[in-house]
Amino acid sequence: MTGHGQGRHTTEDGEALRLLPWTGEGGQSCFLDGGETPGPVSRTADEMERVQLRMGAELRVYARELACEEAGMEARELRYLAGRLCEALGDALRIAESRGARLEGRAPRWKG
């Protein structure tokens with residue numbers, strides 16, 4: 001793997017690496033040189049992306065229901081919900097960046 005520019009990661013041949021939906025030690029981004037044929041890591045990443053997006057959609061429905069309720073939420077509950085929504089948004093943005101980079105044939109520029 002070779003880094004080119006700010007956060008751009010490509011193979012020695014200049015092919016874009018796939019940004020994976022998880023991080024490594026110290027929160028570092030993980031990348032995959034998947035080549036033409038998807039392997040087990042790629043399939044695991046696909047499944048993890050599906051789970052993350054499904055969980056985000058479910059969280060959004062839950063948050064909308066709570067926002068529409070007449071009974072107010074405690075500040076602690078609201079902070080917890082806001083934190084989970086931020087995590088779900090971060091997951092979705094990371095997935096979008098990874099998929100967009102693969103569609104465009106460019107390296108992802110994820111910054112966390």
# chains A, B, ... in the order shown; residues from 1 in each chain; ligands from 1
call {"tool": "closest_atom_pairs", "arguments": {"of": "region 3-45 of chain A", "to": "region 52-66 of chain A", "cutoff": "12 Å", "atoms": "only C-alpha atoms", "output": "JSON lines"}}
result
{"residue": "A:Pro21", "atom": "CA", "partner": "A:Gln52", "partner_atom": "CA", "distance": 8.7}
{"residue": "A:Trp22", "atom": "CA", "partner": "A:Gln52", "partner_atom": "CA", "distance": 10.6}
{"residue": "A:Ala45", "atom": "CA", "partner": "A:Gln52", "partner_atom": "CA", "distance": 10.4}
call {"tool": "atom_distance", "arguments": {"atom1": "CA of Ala75 (chain A)", "atom2": "CA of Leu89 (chain A)"}}
result
20.7 Å
call {"tool": "atom_distance", "arguments": {"atom1": "CA of Ser29 (chain A)", "atom2": "CA of His9 (chain A)"}}
result
10.3 Å
call {"tool": "select_by_dssp", "arguments": {"residues": "chain A", "states": "strand (DSSP E)", "output": "PyMOL selection string"}}
result
chain A and resi 2-4+8-10+18-23+29-32
call {"tool": "closest_residue", "arguments": {"among": "A:Leu32, A:Glu87, A:Glu49, A:Glu69", "to": "Glu15 (chain A)", "atoms": "only C-alpha atoms"}}
result
A:Leu32
call {"tool": "atom_distance", "arguments": {"atom1": "CA of Ala96 (chain A)", "atom2": "CA of Glu12 (chain A)"}}
result
24.3 Å
call {"tool": "closest_residue", "arguments": {"among": "A:Val41, A:Val51, A:Gln28, A:Gly14", "to": "Asp91 (chain A)", "atoms": "only C-alpha atoms"}}
result
A:Val51
call {"tool": "closest_residue", "arguments": {"among": "A:Thr11, A:Arg76, A:Leu19, A:Leu103", "to": "Asp46 (chain A)", "atoms": "only C-alpha atoms"}}
result
A:Leu19
